[in-house]
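Pasting query39.txt here (compact mmCIF, C-alpha atoms):
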```txt
# COMPACT_ATOMS: atom_id res chain seq x y z
CA MET P 2 2.99 -16.64 43.29
CA ILE P 3 0.19 -14.04 43.38
CA PRO P 4 -1.91 -14.93 46.44
CA LEU P 5 -5.68 -14.56 46.07
CA THR P 6 -7.54 -14.91 49.37
CA ILE P 7 -10.93 -16.33 48.45
CA GLY P 8 -12.23 -17.39 51.85
CA THR P 9 -11.20 -19.72 54.64
CA THR P 10 -10.41 -23.41 54.79
CA VAL P 11 -13.24 -25.70 55.87
CA ASP P 12 -11.11 -27.65 58.34
CA ALA P 13 -9.55 -24.56 59.94
CA PRO P 14 -11.91 -21.55 59.61
CA GLU P 15 -9.26 -19.24 61.08
CA ARG P 16 -6.86 -20.02 58.19
CA PRO P 17 -7.23 -18.06 54.90
CA ALA P 18 -7.79 -20.10 51.76
CA VAL P 19 -5.41 -18.93 49.05
CA ILE P 20 -5.04 -19.75 45.36
CA ASP P 21 -2.34 -18.56 42.95
CA GLY P 22 -3.49 -15.76 40.64
CA SER P 23 -0.47 -16.24 38.39
CA ARG P 24 -1.76 -19.69 37.39
CA PHE P 25 -4.82 -18.36 35.63
CA ASN P 26 -2.59 -18.55 32.58
CA ARG P 27 -4.17 -22.00 32.36
CA HIS P 28 -7.75 -22.88 31.44
CA THR P 29 -10.07 -23.21 34.43
CA PHE P 30 -13.22 -25.29 34.95
CA TRP P 31 -15.74 -24.11 37.54
CA CYS P 32 -18.61 -26.43 38.33
CA GLY P 33 -21.50 -26.77 40.77
CA GLN P 34 -25.14 -27.71 40.62
CA SER P 35 -27.91 -25.14 40.92
CA GLY P 36 -28.07 -23.63 44.41
CA SER P 37 -24.44 -24.40 45.29
CA GLY P 38 -23.35 -20.76 45.21
CA LYS P 39 -21.34 -21.20 42.02
CA THR P 40 -21.95 -17.76 40.50
CA TYR P 41 -21.40 -15.93 43.80
CA ALA P 42 -18.10 -17.77 44.32
CA LEU P 43 -17.04 -17.05 40.75
CA GLY P 44 -17.56 -13.36 41.51
CA VAL P 45 -15.28 -13.61 44.57
CA VAL P 46 -12.47 -15.05 42.46
CA LEU P 47 -12.87 -12.43 39.72
CA GLU P 48 -12.82 -9.63 42.31
CA GLN P 49 -9.58 -10.94 43.75
CA LEU P 50 -8.05 -11.17 40.29
CA LEU P 51 -8.98 -7.53 39.81
CA LEU P 52 -7.45 -6.47 43.11
CA GLN P 53 -4.26 -8.53 42.98
CA THR P 54 -3.33 -8.79 39.27
CA GLU P 55 -3.27 -6.70 36.11
CA LEU P 56 -5.05 -9.39 34.09
CA PRO P 57 -7.83 -8.06 31.80
CA ILE P 58 -11.08 -10.02 32.00
CA ALA P 59 -13.93 -10.45 29.51
CA VAL P 60 -17.15 -12.03 30.77
CA LEU P 61 -19.77 -13.57 28.50
CA ASP P 62 -22.75 -13.22 30.80
CA PRO P 63 -26.04 -14.88 29.71
CA ASN P 64 -27.91 -14.23 32.98
CA ALA P 65 -26.81 -10.63 33.71
CA ASP P 66 -25.05 -11.86 36.86
CA PHE P 67 -22.05 -9.54 36.44
CA VAL P 68 -23.62 -6.36 35.06
CA ARG P 69 -23.13 -4.64 38.45
CA VAL P 70 -19.49 -5.57 38.88
CA SER P 71 -18.52 -1.89 39.07
CA ARG P 72 -20.83 -1.30 42.07
CA THR P 73 -19.40 -2.07 45.48
CA ARG P 74 -21.51 -3.31 48.37
CA ASP P 75 -22.40 -0.96 51.22
CA ASP P 76 -20.32 -2.91 53.75
CA VAL P 77 -16.95 -2.83 51.93
CA THR P 78 -14.00 -0.84 53.22
CA PRO P 79 -13.27 2.66 51.85
CA GLU P 80 -10.03 1.31 50.39
CA GLU P 81 -11.85 -1.41 48.44
CA ARG P 82 -14.45 1.07 47.21
CA GLU P 83 -11.72 3.44 46.05
CA ARG P 84 -9.82 0.67 44.27
CA PHE P 85 -12.88 -0.47 42.34
CA ALA P 86 -13.73 3.10 41.38
CA GLU P 87 -10.36 3.29 39.62
CA PHE P 88 -10.88 0.19 37.46
CA ASP P 89 -11.86 0.54 33.80
CA ILE P 90 -15.01 -1.60 33.85
CA ARG P 91 -17.29 -1.58 30.81
CA VAL P 92 -20.66 -3.33 30.64
CA PHE P 93 -22.46 -3.80 27.32
CA HIS P 94 -26.17 -4.47 27.76
CA SER P 95 -28.83 -6.46 25.95
CA SER P 96 -31.22 -7.34 28.79
CA THR P 97 -31.95 -3.70 29.69
CA HIS P 98 -32.08 -0.38 27.83
CA GLU P 99 -28.99 0.88 29.62
CA GLU P 100 -26.15 2.24 27.52
CA PRO P 101 -23.92 1.15 26.00
CA GLN P 102 -25.89 -1.53 24.21
CA LEU P 103 -24.13 -4.68 23.04
CA HIS P 104 -23.48 -4.46 19.31
CA ALA P 105 -21.25 -6.30 16.87
CA ARG P 106 -20.73 -5.94 13.14
CA TYR P 107 -22.21 -8.65 10.92
CA VAL P 108 -19.54 -7.94 8.33
CA ASP P 109 -16.78 -8.70 10.88
CA LEU P 110 -17.81 -12.34 10.99
CA SER P 111 -15.84 -14.75 8.86
CA VAL P 112 -17.62 -16.09 5.77
CA ARG P 113 -18.02 -19.45 7.50
CA SER P 114 -19.73 -17.76 10.43
CA GLN P 115 -21.93 -15.59 8.19
CA ALA P 116 -22.93 -18.82 6.46
CA ALA P 117 -23.67 -20.45 9.82
CA VAL P 118 -25.94 -17.55 10.74
CA GLY P 119 -27.72 -18.07 7.41
CA ARG P 120 -27.84 -21.87 7.85
CA LEU P 121 -25.79 -22.34 4.68
CA ASP P 122 -23.74 -25.45 4.03
CA PRO P 123 -20.75 -24.96 1.68
CA ILE P 124 -21.56 -28.23 -0.13
CA VAL P 125 -25.34 -28.60 0.08
CA ASP P 126 -25.89 -24.89 -0.62
CA GLU P 127 -22.79 -24.49 -2.78
CA GLU P 128 -24.11 -21.74 -5.09
CA GLU P 129 -25.49 -19.50 -2.34
CA TYR P 130 -22.37 -20.07 -0.24
CA ASN P 131 -20.17 -19.12 -3.17
CA ALA P 132 -22.25 -15.98 -3.74
CA LEU P 133 -21.78 -15.04 -0.07
CA LEU P 134 -18.05 -15.70 -0.39
CA HIS P 135 -17.67 -13.10 -3.13
CA LEU P 136 -19.93 -10.33 -1.83
CA ASP P 137 -18.53 -6.89 -1.00
CA LYS P 138 -19.39 -6.36 2.68
CA SER P 139 -17.06 -3.51 3.61
CA PRO P 140 -18.01 -2.23 7.09
CA ASP P 141 -17.46 1.41 6.11
CA HIS P 142 -20.38 1.56 3.70
CA PHE P 143 -22.55 -1.42 4.58
CA ASP P 144 -26.24 -0.50 4.40
CA LYS P 145 -28.85 -3.15 5.15
CA GLY P 146 -31.50 -1.96 2.70
CA ARG P 147 -29.10 -1.36 -0.17
CA PHE P 148 -27.41 -4.71 0.49
CA LEU P 149 -30.68 -6.65 0.19
CA ASP P 150 -31.89 -4.59 -2.81
CA THR P 151 -28.64 -5.29 -4.63
CA LEU P 152 -29.04 -9.02 -4.07
CA ALA P 153 -32.72 -9.00 -5.06
CA SER P 154 -32.03 -7.18 -8.35
CA SER P 155 -28.96 -9.23 -9.25
CA GLY P 156 -28.82 -11.09 -12.55
CA ASP P 157 -27.23 -14.01 -10.69
CA PRO P 158 -29.91 -16.49 -9.47
CA ALA P 159 -27.63 -17.64 -6.62
CA ARG P 160 -27.33 -14.07 -5.33
CA ARG P 161 -31.11 -13.60 -5.51
CA ARG P 162 -31.62 -16.84 -3.54
CA LEU P 163 -29.04 -15.71 -0.99
CA GLY P 164 -30.78 -12.37 -0.56
CA MET P 165 -34.15 -14.07 -0.13
CA ARG P 166 -32.70 -16.44 2.49
CA ILE P 167 -31.18 -13.56 4.49
CA ASP P 168 -34.43 -11.60 4.23
CA ASN P 169 -36.67 -14.56 5.11
CA LEU P 170 -34.59 -15.40 8.19
CA GLU P 171 -34.62 -11.69 9.16
CA ILE P 172 -30.92 -11.98 10.00
CA LEU P 173 -30.17 -8.31 9.40
CA ASP P 174 -33.03 -7.28 11.71
CA TRP P 175 -31.28 -8.66 14.79
CA PRO P 176 -30.66 -5.89 17.36
CA LEU P 177 -27.14 -7.29 17.80
CA TRP P 178 -25.82 -5.84 14.55
CA SER P 179 -24.28 -2.38 14.36
CA PHE P 180 -23.41 -2.63 10.66
CA GLY P 181 -20.79 0.10 10.03
CA ALA P 182 -20.99 1.58 13.54
CA SER P 183 -18.98 0.64 16.63
CA SER P 184 -18.66 -2.94 17.88
CA VAL P 185 -17.86 -4.44 21.26
CA VAL P 186 -14.62 -5.78 19.77
CA ASP P 187 -13.40 -2.18 19.43
CA ALA P 188 -13.64 -1.83 23.20
CA LEU P 189 -11.97 -5.21 23.77
CA ASP P 190 -9.01 -4.10 21.67
CA GLU P 191 -8.39 -1.40 24.29
CA ARG P 192 -8.17 -4.13 26.96
CA PRO P 193 -10.26 -2.62 29.80
CA ARG P 194 -9.76 -4.35 33.14
CA VAL P 195 -13.23 -5.87 32.81
CA THR P 196 -15.56 -6.11 29.83
CA VAL P 197 -18.97 -7.64 30.57
CA LEU P 198 -21.08 -8.78 27.62
CA ASP P 199 -24.67 -9.13 28.79
CA VAL P 200 -25.82 -11.52 26.06
CA GLY P 201 -29.02 -12.78 27.70
CA GLY P 202 -31.50 -10.18 26.47
CA PHE P 203 -31.60 -10.97 22.76
CA ALA P 204 -34.84 -12.31 21.32
CA HIS P 205 -33.41 -14.61 18.66
CA GLN P 206 -32.05 -17.93 19.90
CA ALA P 207 -28.80 -17.64 17.95
CA GLU P 208 -27.96 -14.02 18.83
CA PRO P 209 -26.03 -14.72 22.08
CA GLN P 210 -23.92 -17.32 20.27
CA ALA P 211 -23.40 -14.96 17.33
CA ALA P 212 -22.25 -12.22 19.71
CA ALA P 213 -19.79 -14.63 21.34
CA LEU P 214 -18.63 -15.80 17.92
CA CYS P 215 -17.90 -12.22 16.82
CA VAL P 216 -15.78 -11.69 19.94
CA LEU P 217 -13.91 -14.98 19.89
CA GLU P 218 -13.17 -14.90 16.17
CA HIS P 219 -11.79 -11.39 16.56
CA LEU P 220 -9.63 -12.37 19.52
CA TRP P 221 -8.29 -15.36 17.62
CA GLU P 222 -7.61 -13.26 14.52
CA ARG P 223 -5.58 -10.86 16.72
CA ARG P 224 -3.87 -13.65 18.70
CA MET P 225 -0.40 -12.78 17.41
CA ASP P 226 -0.61 -9.50 19.35
CA ARG P 227 -0.20 -11.73 22.44
CA GLU P 228 -2.23 -9.42 24.68
CA PRO P 229 -3.39 -11.54 27.65
CA LEU P 230 -7.11 -11.90 28.35
CA LEU P 231 -9.08 -14.13 30.71
CA ILE P 232 -12.26 -15.15 28.86
CA VAL P 233 -14.98 -16.06 31.36
CA LEU P 234 -17.87 -18.09 29.97
CA ASP P 235 -20.63 -18.15 32.56
CA GLU P 236 -23.16 -20.93 31.88
CA ALA P 237 -20.57 -22.22 29.41
CA HIS P 238 -22.87 -24.98 28.15
CA ASN P 239 -24.62 -22.25 26.13
CA PHE P 240 -21.43 -21.74 24.13
CA CYS P 241 -19.72 -25.14 23.74
CA PRO P 242 -22.12 -28.05 24.37
CA PRO P 243 -21.09 -31.62 23.52
CA VAL P 244 -23.60 -31.69 20.65
CA PRO P 245 -24.27 -28.27 19.07
CA ARG P 246 -27.94 -27.56 18.43
CA ASN P 247 -27.55 -25.26 15.42
CA SER P 248 -24.99 -24.11 12.89
CA VAL P 249 -23.97 -21.00 14.84
CA GLU P 250 -23.39 -23.02 17.99
CA ALA P 251 -21.36 -25.55 15.98
CA GLN P 252 -19.11 -22.80 14.64
CA LEU P 253 -18.76 -21.28 18.11
CA THR P 254 -17.89 -24.64 19.65
CA GLU P 255 -15.25 -25.20 16.98
CA GLN P 256 -13.69 -21.81 17.78
CA LEU P 257 -13.63 -22.57 21.51
CA ILE P 258 -12.02 -25.96 20.88
CA GLN P 259 -9.27 -24.17 18.97
CA ILE P 260 -8.75 -21.61 21.74
CA ALA P 261 -8.75 -24.35 24.38
CA ALA P 262 -6.11 -26.32 22.44
CA GLU P 263 -3.86 -23.48 21.28
CA GLY P 264 -4.84 -20.26 23.02
CA ARG P 265 -2.56 -20.50 26.06
CA LYS P 266 0.60 -19.58 24.19
CA PHE P 267 -1.13 -16.46 22.84
CA GLY P 268 -2.48 -15.32 26.22
CA LEU P 269 -6.11 -16.35 25.62
CA TRP P 270 -7.20 -18.25 28.73
CA LEU P 271 -10.65 -19.73 29.31
CA PHE P 272 -12.60 -19.76 32.57
CA LEU P 273 -15.61 -22.05 32.07
CA SER P 274 -18.46 -22.08 34.58
CA THR P 275 -21.37 -24.51 34.34
CA GLN P 276 -23.56 -26.90 36.33
CA ARG P 277 -22.32 -30.24 35.00
CA PRO P 278 -19.14 -31.39 33.23
CA THR P 279 -21.13 -33.48 30.77
CA LYS P 280 -22.72 -30.28 29.40
CA ILE P 281 -19.34 -29.08 28.05
CA HIS P 282 -17.68 -30.33 24.88
CA PRO P 283 -15.02 -32.87 25.96
CA ASN P 284 -12.35 -31.29 23.74
CA VAL P 285 -12.71 -28.05 25.68
CA LEU P 286 -13.06 -29.60 29.14
CA SER P 287 -10.00 -31.83 28.71
CA GLN P 288 -7.73 -28.78 28.27
CA CYS P 289 -8.51 -27.34 31.74
CA ASP P 290 -5.78 -27.46 34.41
CA ASN P 291 -7.62 -25.70 37.26
CA LEU P 292 -10.73 -27.06 38.99
CA GLY P 293 -13.23 -25.35 41.25
CA LEU P 294 -15.92 -27.83 42.33
CA MET P 295 -18.92 -26.96 44.47
CA ARG P 296 -21.80 -29.21 45.52
CA MET P 297 -22.43 -31.98 43.01
CA ASN P 298 -24.84 -34.82 43.79
CA SER P 299 -24.61 -36.82 40.58
CA PRO P 300 -22.22 -39.83 40.75
CA ARG P 301 -21.96 -39.77 36.97
CA ASP P 302 -20.78 -36.15 37.00
CA LEU P 303 -18.29 -36.82 39.78
CA ASP P 304 -16.92 -39.80 37.84
CA GLU P 305 -16.50 -37.55 34.81
CA ILE P 306 -14.61 -34.98 36.86
CA GLY P 307 -12.44 -37.73 38.33
CA ASP P 308 -11.58 -38.97 34.85
CA VAL P 309 -10.71 -35.53 33.47
CA PHE P 310 -8.97 -34.18 36.58
CA GLY P 311 -7.03 -37.24 37.63
CA PHE P 312 -4.90 -35.24 40.07
CA VAL P 313 -7.86 -34.78 42.45
CA PRO P 314 -8.00 -37.36 45.27
CA GLN P 315 -11.10 -39.52 45.04
CA HIS P 316 -11.96 -39.09 48.72
CA LEU P 317 -12.23 -35.32 48.24
CA LEU P 318 -14.47 -35.67 45.19
CA GLU P 319 -16.74 -37.95 47.18
CA GLN P 320 -17.31 -35.16 49.70
CA SER P 321 -18.87 -32.88 47.09
CA PRO P 322 -22.50 -33.98 47.73
CA THR P 323 -22.09 -32.93 51.39
CA PHE P 324 -20.82 -29.41 50.62
CA ARG P 325 -22.91 -26.63 52.06
CA LYS P 326 -23.77 -23.61 49.95
CA GLY P 327 -20.58 -21.62 49.35
CA GLU P 328 -18.18 -24.51 49.99
CA ALA P 329 -15.84 -25.68 47.25
CA LEU P 330 -12.92 -27.92 46.38
CA PHE P 331 -10.00 -26.21 44.63
CA ALA P 332 -7.33 -28.27 42.90
CA GLY P 333 -4.90 -28.05 40.03
CA ALA P 334 -2.29 -25.56 38.87
CA PHE P 335 -3.63 -22.67 40.96
CA SER P 336 -3.58 -24.60 44.25
CA ASP P 337 -0.38 -26.15 45.66
CA GLU P 338 -2.50 -28.98 47.02
CA PRO P 339 -6.23 -29.73 46.88
CA GLN P 340 -8.11 -27.71 49.48
CA LEU P 341 -11.66 -27.46 50.78
CA VAL P 342 -12.76 -23.84 51.01
CA ARG P 343 -15.59 -21.79 52.44
CA ILE P 344 -15.98 -18.87 50.04
CA GLY P 345 -15.64 -15.38 51.53
CA PRO P 346 -17.90 -12.36 51.03
CA ARG P 347 -18.33 -10.46 47.79
CA ILE P 348 -17.09 -6.90 47.32
CA THR P 349 -19.37 -6.01 44.41
CA VAL P 350 -23.10 -6.38 43.92
CA GLU P 351 -24.31 -9.67 42.47
CA GLY P 352 -26.55 -9.03 39.49
CA GLY P 353 -28.62 -12.18 39.25
CA SER P 354 -29.47 -13.35 42.75
CA ASP P 355 -32.49 -15.61 43.22
CA LEU P 356 -35.95 -14.08 43.37
CA SER P 357 -37.91 -14.78 46.53
CA VAL P 358 -41.34 -16.35 46.67
CA GLU P 359 -43.72 -13.79 48.15
CA PRO P 360 -46.50 -15.02 50.49
CA ARG P 361 -50.05 -14.65 49.23
CA ALA P 362 -51.84 -11.78 50.84
CA VAL P 363 -54.77 -12.98 52.94
CA GLU P 364 -57.71 -10.66 53.33
CA VAL P 365 -58.87 -10.43 56.93
CA VAL P 366 -62.65 -10.25 57.20
```

Can you dump the structure from the file as structure tokens?
Amino acid sequence: MIPLTIGTTVDAPERPAVIDGSRFNRHTFWCGQSGSGKTYALGVVLEQLLLQTELPIAVLDPNADFVRVSRTRDDVTPEERERFAEFDIRVFHSSTHEEPQLHARYVDLSVRSQAAVGRLDPIVDEEEYNALLHLDKSPDHFDKGRFLDTLASSGDPARRRLGMRIDNLEILDWPLWSFGASSVVDALDERPRVTVLDVGGFAHQAEPQAAALCVLEHLWERRMDREPLLIVLDEAHNFCPPVPRNSVEAQLTEQLIQIAAEGRKFGLWLFLSTQRPTKIHPNVLSQCDNLGLMRMNSPRDLDEIGDVFGFVPQHLLEQSPTFRKGEALFAGAFSDEPQLVRIGPRITVEGGSDLSVEPRAVEVV
């Protein structure tokens, strides 16, 4: 067992609440409605994993909540500050102009994923799809302008239609793409202790999903290397909803279903955080063995959790609507028995805390 102290027990505040860090070699589901303290508590667990294990972590971060994970709070101990200063923590940005920016290579995507980005169906759009299948898209000499010009001047009508589709959708104008330059997957291959992908700043609706797809496809392609990685999907409903809203999201959901079903034996472990269980694809949710549940008022959602996580006593689930902010139920592989926990303080700075409502200034006459 690798003990992670994440707070104190609700029933006995003097007793530390401990979960087993070695059991994050299982998929984990983290759930709590808005205002429950879910993201703050997630940060506490990730900090303890950093301090007590050697497990590399990659965070897909749509709200920039973890972009300051390398910055310790003013009230931490010198020892904690020194430990965090030693960690290899890399943050790739899209919501600010800070460097490094988050980039991925379009040509690294599989043909199916390139087709999804271009809204191509292999049957309905069979000629354009086939043209895409046989294009030379070597990353070493890929040039956007030359690529489109070559398609536009082709004697093959299918290639011309493909080029027009890519140009009309402005796919190659997305800031995400680095073309032949470096990609975030190059950094991931080095397995830093933490890699944060700030995916929330892209203008195009499909860009965050495309960034995640680049990363997850690459990790799956390299799965036989068996290099462990905890993949944290904050606001996971953006990546694997029950009903995908577009072709990129459908391809991404399919990849996550595959990782959820088969990734454990290759060292690819998911940590899914969201507000409601019904917002996650059931084929991903059903593979989770660890549960962290914060305040949840909806009886339907609690019934869903009870069905999926049958090892959780019903009387504990029923207490969820009464949880105060920062209180949680932990159950599953990482907890010897279900326990009610009051989450402890953070060590690092939370990136996405709530904005306050400022009072209106009143002019005194």

Contacts of P:Gln288 at 8 Å (only C-alpha atoms; same-chain gap of 5+ positions) as an MDAnalysis selection string: chainID P and resid 28 261:262

Limited to C-alpha atoms, could you put the picked residues into a file as a CSV table (one decimal), in the frame of the given file?
```csv
chain,number,residue,atom,x,y,z
P,28,HIS,CA,-7.8,-22.9,31.4
P,261,ALA,CA,-8.8,-24.4,24.4
P,262,ALA,CA,-6.1,-26.3,22.4
```

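Atom CA of P:Arg27 is found 18.5 Å from atom CA of P:Gln340.
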
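Comparing P:Leu5, P:Leu303, P:Leu217, P:Leu231 by their smallest distance to P:Ile20, the closest is P:Leu5 (using only C-alpha atoms).
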
Counting all atoms listed in the file, find residues at most 10 Å from (-20.1, -0.7, 9.6) (file frame) and give them as JSON, numbers by chain. {"P": [105, 106, 107, 108, 109, 138, 139, 140, 141, 142, 143, 144, 178, 179, 180, 181, 182, 183, 184]}

Give me, as a VMD selection string, all polymer residues having an atom no more than 9 Å from stretch 318-327 of chain P, counting all atoms listed in the file and skipping those fewer than 4 positions away in the same chain. chain P and resid 36 to 39 41 to 42 294 to 300 303 to 304 306 to 307 313 to 314 342 to 345

Could you give me, as an NGL selection string, the residues that have an atom at most 6 Å away from the point (-35.3, -9.6, 0.0) in the coordinates of the file, using all atoms listed in the file? :P and (149 or 153 or 164-165 or 168)

Using only C-alpha atoms, the best pick from P:Thr6, P:Ser114, P:Asn26, P:Thr254 as closest to P:Leu52 would be P:Thr6

Please report the interatomic distance between atom CA of P:Asp21 and atom CA of P:Pro339 in Å with one decimal. 12.5 Å

Output, as AutoDock Vina command-line options, the centre and edge lengths in Å (one decimal) of the axis-aligned box that contains all listed atoms of stretch 122-134 of chain P with 6 Å of margin on each side.
```
--center_x -22.0 --center_y -21.8 --center_z -0.5 --size_x 19.8 --size_y 25.6 --size_z 21.1
```

For stretch 207-214 of chain P, list every protein, DNA or RNA residue within 8 Å, evaluated using all atoms listed in the file, and leave out those in the same chain fewer than 5 positions away; present the list as a PyMOL selection string. chain P and resi 61+63+104-105+110+114+118+175+177+200-201+239-240+249-250+252-253+256

Would you mind telling me which residue in P:Leu230, P:Pro278, P:Leu47, P:Ala332 lies nearest to P:Glu191 when using all atoms listed in the file? P:Leu230

Using all atoms listed in the file, pick whichever of P:Val77, P:Ile348, P:Leu269, P:Leu286 has the shortest atom-to-atom distance to P:Gly44.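 When distances to P:Gly44 are compared using all atoms listed in the file, the smallest one comes from P:Ile348.
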
Straight-line distance linking atom CA of P:Cys215 with atom CA of P:Asn291, stated in Å to one decimal: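 Atom-to-atom, atom CA of P:Cys215 and atom CA of P:Asn291 are spaced 26.6 Å apart.
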
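Nearest-residue note for P:Ile167: choosing from P:Gly146, P:Gly352, P:Pro193, P:Gly264, the minimum distance belongs to P:Gly146, counting all atoms listed in the file.
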
Since the input has fewer atoms than a full residue there, write stretch 106-119 of chain P out with N, CA, C and O atoms, as a PDB file, keeping the file's coordinate frame.
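Here's the written file result.pdb:
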```pdb
ATOM      1  N   ARG P 106     -20.543  -6.154  14.571  1.00  0.00           N
ATOM      2  CA  ARG P 106     -20.730  -5.940  13.140  1.00  0.00           C
ATOM      3  C   ARG P 106     -20.880  -7.273  12.414  1.00  0.00           C
ATOM      4  O   ARG P 106     -19.981  -8.124  12.486  1.00  0.00           O
ATOM      5  N   TYR P 107     -21.984  -7.439  11.709  1.00  0.00           N
ATOM      6  CA  TYR P 107     -22.210  -8.650  10.920  1.00  0.00           C
ATOM      7  C   TYR P 107     -21.069  -8.882   9.943  1.00  0.00           C
ATOM      8  O   TYR P 107     -20.603 -10.014   9.752  1.00  0.00           O
ATOM      9  N   VAL P 108     -20.578  -7.802   9.353  1.00  0.00           N
ATOM     10  CA  VAL P 108     -19.540  -7.940   8.330  1.00  0.00           C
ATOM     11  C   VAL P 108     -18.197  -8.356   8.922  1.00  0.00           C
ATOM     12  O   VAL P 108     -17.287  -8.743   8.182  1.00  0.00           O
ATOM     13  N   ASP P 109     -18.032  -8.264  10.254  1.00  0.00           N
ATOM     14  CA  ASP P 109     -16.780  -8.700  10.880  1.00  0.00           C
ATOM     15  C   ASP P 109     -16.689 -10.212  11.008  1.00  0.00           C
ATOM     16  O   ASP P 109     -15.603 -10.755  11.231  1.00  0.00           O
ATOM     17  N   LEU P 110     -17.831 -10.888  10.910  1.00  0.00           N
ATOM     18  CA  LEU P 110     -17.810 -12.340  10.990  1.00  0.00           C
ATOM     19  C   LEU P 110     -17.085 -12.920   9.780  1.00  0.00           C
ATOM     20  O   LEU P 110     -17.153 -12.373   8.669  1.00  0.00           O
ATOM     21  N   SER P 111     -16.419 -14.040   9.986  1.00  0.00           N
ATOM     22  CA  SER P 111     -15.840 -14.750   8.860  1.00  0.00           C
ATOM     23  C   SER P 111     -16.957 -15.247   7.946  1.00  0.00           C
ATOM     24  O   SER P 111     -18.126 -15.329   8.347  1.00  0.00           O
ATOM     25  N   VAL P 112     -16.611 -15.575   6.701  1.00  0.00           N
ATOM     26  CA  VAL P 112     -17.620 -16.090   5.770  1.00  0.00           C
ATOM     27  C   VAL P 112     -18.254 -17.362   6.309  1.00  0.00           C
ATOM     28  O   VAL P 112     -19.471 -17.567   6.199  1.00  0.00           O
ATOM     29  N   ARG P 113     -17.458 -18.212   6.923  1.00  0.00           N
ATOM     30  CA  ARG P 113     -18.020 -19.450   7.500  1.00  0.00           C
ATOM     31  C   ARG P 113     -19.056 -19.132   8.570  1.00  0.00           C
ATOM     32  O   ARG P 113     -20.082 -19.803   8.670  1.00  0.00           O
ATOM     33  N   SER P 114     -18.785 -18.106   9.372  1.00  0.00           N
ATOM     34  CA  SER P 114     -19.730 -17.760  10.430  1.00  0.00           C
ATOM     35  C   SER P 114     -20.950 -17.038   9.869  1.00  0.00           C
ATOM     36  O   SER P 114     -22.068 -17.250  10.347  1.00  0.00           O
ATOM     37  N   GLN P 115     -20.771 -16.191   8.848  1.00  0.00           N
ATOM     38  CA  GLN P 115     -21.930 -15.590   8.190  1.00  0.00           C
ATOM     39  C   GLN P 115     -22.804 -16.685   7.579  1.00  0.00           C
ATOM     40  O   GLN P 115     -24.044 -16.611   7.643  1.00  0.00           O
ATOM     41  N   ALA P 116     -22.169 -17.694   7.015  1.00  0.00           N
ATOM     42  CA  ALA P 116     -22.930 -18.820   6.460  1.00  0.00           C
ATOM     43  C   ALA P 116     -23.656 -19.586   7.559  1.00  0.00           C
ATOM     44  O   ALA P 116     -24.807 -20.015   7.372  1.00  0.00           O
ATOM     45  N   ALA P 117     -23.011 -19.751   8.710  1.00  0.00           N
ATOM     46  CA  ALA P 117     -23.670 -20.450   9.820  1.00  0.00           C
ATOM     47  C   ALA P 117     -24.894 -19.692  10.289  1.00  0.00           C
ATOM     48  O   ALA P 117     -25.940 -20.286  10.565  1.00  0.00           O
ATOM     49  N   VAL P 118     -24.786 -18.368  10.361  1.00  0.00           N
ATOM     50  CA  VAL P 118     -25.940 -17.550  10.740  1.00  0.00           C
ATOM     51  C   VAL P 118     -27.076 -17.738   9.739  1.00  0.00           C
ATOM     52  O   VAL P 118     -28.256 -17.785  10.099  1.00  0.00           O
ATOM     53  N   GLY P 119     -26.712 -17.877   8.454  1.00  0.00           N
ATOM     54  CA  GLY P 119     -27.720 -18.070   7.410  1.00  0.00           C
ATOM     55  C   GLY P 119     -28.075 -19.507   7.141  1.00  0.00           C
ATOM     56  O   GLY P 119     -28.808 -19.791   6.182  1.00  0.00           O
TER      57      GLY P 119
END
```
